[in-house]
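Here the structure comes first, spelled out in structure tokens, and everything after it is commentary.
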Amino acid sequence: MKRTLRSLALLAAIVAVLWALRPRPEVRHLPTPVPATAPDAGGTLVVDLVDGASDADLAQVAKEAGTSLHWLDPRTRDEALAVGEVPDLHAAVLALAADPLVEVAEPEIEQVALGYPNDPMYEKQWHLRAMGAPVGWAETPRGKGVIVAVIDTGVTQVEDLKGTRVLKGASFVPGVKTAADDNGHGTHVAGTIAETTNNGIGVAGVAPEATILPVKVLSGWGSGMSPWIAAGVDYAVDEGADVINLSLGGSYSMVIHNAIRKARAKGVIVVAAAGNSGRKGVSYPGGLKETIGVSATGPGGAIAPYSSWGKGVDIAAPGGDKRKPGGGVWQDTIDKDAGHAYKEFQGTSMATPHVAGAAAILLCTGMCDADCVQRTLLSSADGEGWDDHLGYGRLDLGKAIHGVEESGGGIRFFLGGLLALIIAQLAGSGVRFRALATLAGGWAAGGLFFLEAVPFWPDATWAHLVASPLLAWPALLLGPSWSAFPLWCSALLPIAAGFFLGAFRPLRPLALGVAAGLGAGLFHAAATGNLQPWFLPGVLGTAWLAGNATVSLIVGLALAGTEKLDVEKS
Amino acid sequence: MARFVGKLKKVDLGAGAWVLETEDGERPLDGPVPEDLEGRDVVVEGKEAALFGFAMTGGQGIRVKKVSAAE
């Protein structure tokens with residue numbers, strides 16, 4: 001009993017350390033040195049005043065800096081952080097260097113993961129930073145294996161989309177044979193989702209490893225008819241799309257509704273624009289309950305003046321506001337004179353692909369199915385409850401990723417490790433056996449997720465596999481929906497591990513850990529509803545997961561029994 | 001074929017979309033539009049249609065046959 005308690009205390013200590021090391025954006029987003037600012041270069045100045053500084057102190061500091069400063073956020077008022085635009089950053093920093101009211105003054109620095117991305121125009125893409133795209137780049141496989149259908153004016157692989165996987169797609173516009181873009185809208189939308197990123201040219205996209213499926217349903221003038229769109233949705237589902245982006249809208253159409261209903265039933269996430277009327281009343285299909293309806297925000301985070309709002313808005317994302325210089329959404333798209341050009345567009349059309357890209361990022365982790373992704377995007381949005389302008393709030397990909405990790409990785413690791421340890425205790429074997437089983441159990445259930453936080457941890461498939469739970473492996477190797485393949489989320493793997501590995505004594509703790517860990521992972525999935533096995537809707541799926549979790553634990557117990565017999569023999 | 005009268009306007013949404021500003025509100029246009037008539041009163045010949053598109057400004061759409069300056 002004492003030994004069990006000691007082991008449990010050790011496990012708790014290990015988990016506490018791992019928890020402290022869990023991935024967070026600031027760990028991967030290493031601070032970069034303060035850039036040398038050229039004289040006369042303007043920009044945003046960040047000032048950290050002494051704690052407890054008053055409004056009068058702020059006014060005095062602002063006067064010395066030669067600008068107006070405002071507190072960064074009321075929630076961090078105690079930290080006395082202020083920001084403001086200055087015409088000459090260099091002069092402002094020097095002016096405040098000796099001020100006793102100022103602890104630190106420096107130009108605003110964009111925190112990015114180890115210099116990623118290197119696209120020179122990324123600095124213009126305030127919209128990617130606002131929705132947390134850098135967290136997705138740093139901590140996930142960046143949409144790998146996820147197919148996003150862009151149902152729009154078509155997609156052309158312009159210069160900065162050349163490194164992106166773009167499928168052939170199809171056109172449903174009468175008289176148009178290919179899915180090439182003859183307007184510029186669809187290519188811009190596709191770029192926001194999966195622009196080739198970190199290629200040293202142009203701009204970046206939210207999920208650059210995702211695959212784009214172009215589906216042309218709008219003519220070169222930007223309009224289309226309901227049957228074309230319905231056919232496009234059906235086609236996207238048949239072609240294996242995981243996410244559908246609909247940066248279009250109109251009045252209610254039963255044929256489109258029906259197609260979207262079928263897409264949702266097949267586990268496809270459908271994201272649609274709220275509309276650009278600037279009034280209450282969301283356009284369709286954005287207003288359908290089966291779609292994630294997206295309203296648009298400008299650079300300041302407020303709803304954009306053109307955005308429609310009201311019932312049907314689920315979330316807000318950056319759509320741009322060109323009244324502010326550089327306030328649009330930037331992407332590479334076709335241009336009738338130059339062939340292609342980097343252009344800033346605005347609209348709920350531009351907000352929607354930020355959400356579609358975010359969905360691709362969450363799906364590619366393999367830790368969340370379509371329903372879970374939809375729930376996570378809305379619950380992690382930066383809002384307080386629902387309101388008719390921003391829905392559940394502004395898209396926050398960083399919070400969404402950490403929500404999935406924290407509700408998954410840490411808890412599952414702990415559960416898997418604990419179950420494996422308890423079962424290993426019954427074997428009466430040595431410390432090595434228990435330690436190996438515990439580690440294997442934690443890994444099988446939650447993955448060595450903390451490794452993603454290690455600087456220079458490779459961005460390779462094997463590295464993602466090591467850092468991910470076993471249940472997420474099919475998603476990483478075959479595509480996001482494969483984690484829900486019933487034979488994978490079953491006791492099949494523990495039985496195989498028990499049979500093949502358990503026969504060899506040195507490998508038995510690994511087999512026991514896999515059995516206990518996968519059991520814990522399946523129990524967790526059944527309890528949270530994060531995984532819905534194929535062909536097994538609702539309670540059937542839950543029963544499948546719970547039943548197989550139980551069988552997995554029985555396999556673990558059998559392995560412990562075998563080990564005990566071997567211990568007694570020797 | 002019907003005739004619609006209003007002011008021709010290009011709205012800065014997405015890649016830019018043409019609308020006819022009428023007393024009843026903005027009506028999205030689908031079809032060839034002479035850019036030099038932007039901002040002028042025009043007569044649009046065409047057919048009303050339940051259009052879908054990226055403009056999403058609301059209002060019943062018009063499938064354009066011809067746009068000419070109003071006299």
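By convention in this document, the chains of the structure tokens carry letters A, B, ... by their order, each chain's residues are numbered from 1, and ligands are numbered from 1 in the order they are shown.
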
TODO: Find the spatial neighbours of Leu465 (chain A), counting only C-alpha atoms, within a cut-off of 10 Å - ignore same-chain residues fewer than 2 positions away - and output them as an MDAnalysis selection string.
DONE: chainID A and resid 447:449 460:463 467:470 472:474 476:477

Contacts of chain A with chain B up to 6 Å, shortest pair per row, only C-alpha atoms, as a Markdown table:
```
| residue | atom | partner | partner_atom | distance |
| --- | --- | --- | --- | --- |
| A:His185 | CA | B:Ala15 | CA | 5.3 |
| A:Trp221 | CA | B:Asp30 | CA | 5.8 |
| A:Gly222 | CA | B:Gly53 | CA | 5.5 |
| A:Ser223 | CA | B:Gly53 | CA | 4.2 |
| A:Gly224 | CA | B:Phe52 | CA | 5.1 |
| A:Met225 | CA | B:Leu51 | CA | 5.6 |
| A:Leu248 | CA | B:Phe54 | CA | 4.3 |
| A:Gly249 | CA | B:Phe52 | CA | 5.2 |
| A:Gly250 | CA | B:Phe52 | CA | 4.6 |
| A:Gly275 | CA | B:Met56 | CA | 4.9 |
| A:Asn276 | CA | B:Thr57 | CA | 4.9 |
| A:Ser277 | CA | B:Thr57 | CA | 4.3 |
| A:Phe345 | CA | B:Gly14 | CA | 5.2 |
| A:Gln346 | CA | B:Leu13 | CA | 5.4 |
| A:Gly347 | CA | B:Leu13 | CA | 5.3 |
```

Take the residues from that selection and write them out as a short mmCIF file (atom, residue, chain, number, x, y, z; two decimals), in the first residue's frame, keeping C-alpha atoms.
```cif
data_model
loop_
_atom_site.label_atom_id
_atom_site.label_comp_id
_atom_site.auth_asym_id
_atom_site.auth_seq_id
_atom_site.Cartn_x
_atom_site.Cartn_y
_atom_site.Cartn_z
CA HIS A 185 -12.80 36.42 -55.00
CA TRP A 221 -19.54 38.56 -62.04
CA GLY A 222 -19.74 37.00 -58.61
CA SER A 223 -23.26 35.56 -58.69
CA GLY A 224 -24.80 32.15 -58.97
CA MET A 225 -28.07 30.27 -58.69
CA LEU A 248 -21.58 33.76 -50.40
CA GLY A 249 -25.20 34.30 -49.58
CA GLY A 250 -28.67 35.22 -50.68
CA GLY A 275 -23.83 38.88 -45.26
CA ASN A 276 -22.87 42.46 -46.05
CA SER A 277 -26.10 44.40 -45.64
CA PHE A 345 -10.49 42.91 -49.71
CA GLN A 346 -13.17 43.40 -47.11
CA GLY A 347 -16.41 41.58 -46.39
#
```

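You will find CA of Ala370 (chain A) at 14.8 Å from CA of Leu536 (chain A).
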
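Atom to atom, CA of Gly398 (chain A) and CA of Gly132 (chain A) stand 5.2 Å apart.
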
Open item on the list: Could you list, as a count of residues only, every residue within 9 Å of Ser68 (chain A), counting only C-alpha atoms and ignoring same-chain residues fewer than 2 positions away?
Closed with: 10

- [ ] Pick out each residue of region 151-385 of chain A that DSSP on the backbone tags as strand (DSSP E); I need them as a ChimeraX atom specification.
- [x] /A:151-152,165-166,170-171,211-216,223-224,243-246,269-273,292-297,315-318,329-335,339-345

Task: Test item: residues at most 12 Å from Ala516 (chain A), only C-alpha atoms, excluding those fewer than 6 positions along its chain, as an NGL selection string - done: :A and (412-424 or 437-446 or 470 or 491 or 493-495 or 497-498 or 509-510 or 522-523 or 548-560)

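Neighbouring residues of Glu23 (chain B) at 12 Å or closer, counting only C-alpha atoms and skipping chain neighbours under 6 positions away, are B:Phe4, B:Val5, B:Gly6, B:Lys7, B:Gly59.
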
I need the chosen residues saved as a JSON list (two decimals), in the first residue's frame, with N, CA and C atoms.
```
[["chain", "number", "residue", "atom", "x", "y", "z"],
["B", 4, "PHE", "N", -35.20, 48.38, -65.23],
["B", 4, "PHE", "CA", -35.02, 48.86, -63.86],
["B", 4, "PHE", "C", -34.20, 50.15, -63.91],
["B", 5, "VAL", "N", -34.65, 51.13, -63.15],
["B", 5, "VAL", "CA", -33.97, 52.43, -63.18],
["B", 5, "VAL", "C", -33.34, 52.70, -61.82],
["B", 6, "GLY", "N", -32.15, 53.23, -61.83],
["B", 6, "GLY", "CA", -31.48, 53.56, -60.57],
["B", 6, "GLY", "C", -30.07, 54.04, -60.83],
["B", 7, "LYS", "N", -29.31, 54.15, -59.77],
["B", 7, "LYS", "CA", -27.91, 54.62, -59.91],
["B", 7, "LYS", "C", -26.97, 53.41, -59.88],
["B", 59, "GLY", "N", -31.52, 42.40, -51.07],
["B", 59, "GLY", "CA", -32.29, 42.83, -52.23],
["B", 59, "GLY", "C", -32.32, 41.78, -53.32]]
```

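Straight-line separation from CA of Gly232 (chain A) to CA of Lys216 (chain A): 7.4 Å.
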
Task: Distance query Glu71 (chain B) at most 9 Å, only C-alpha atoms, self and fewer than 6 positions along chain excluded, as a PyMOL selection string - done: chain B and resi 41-43
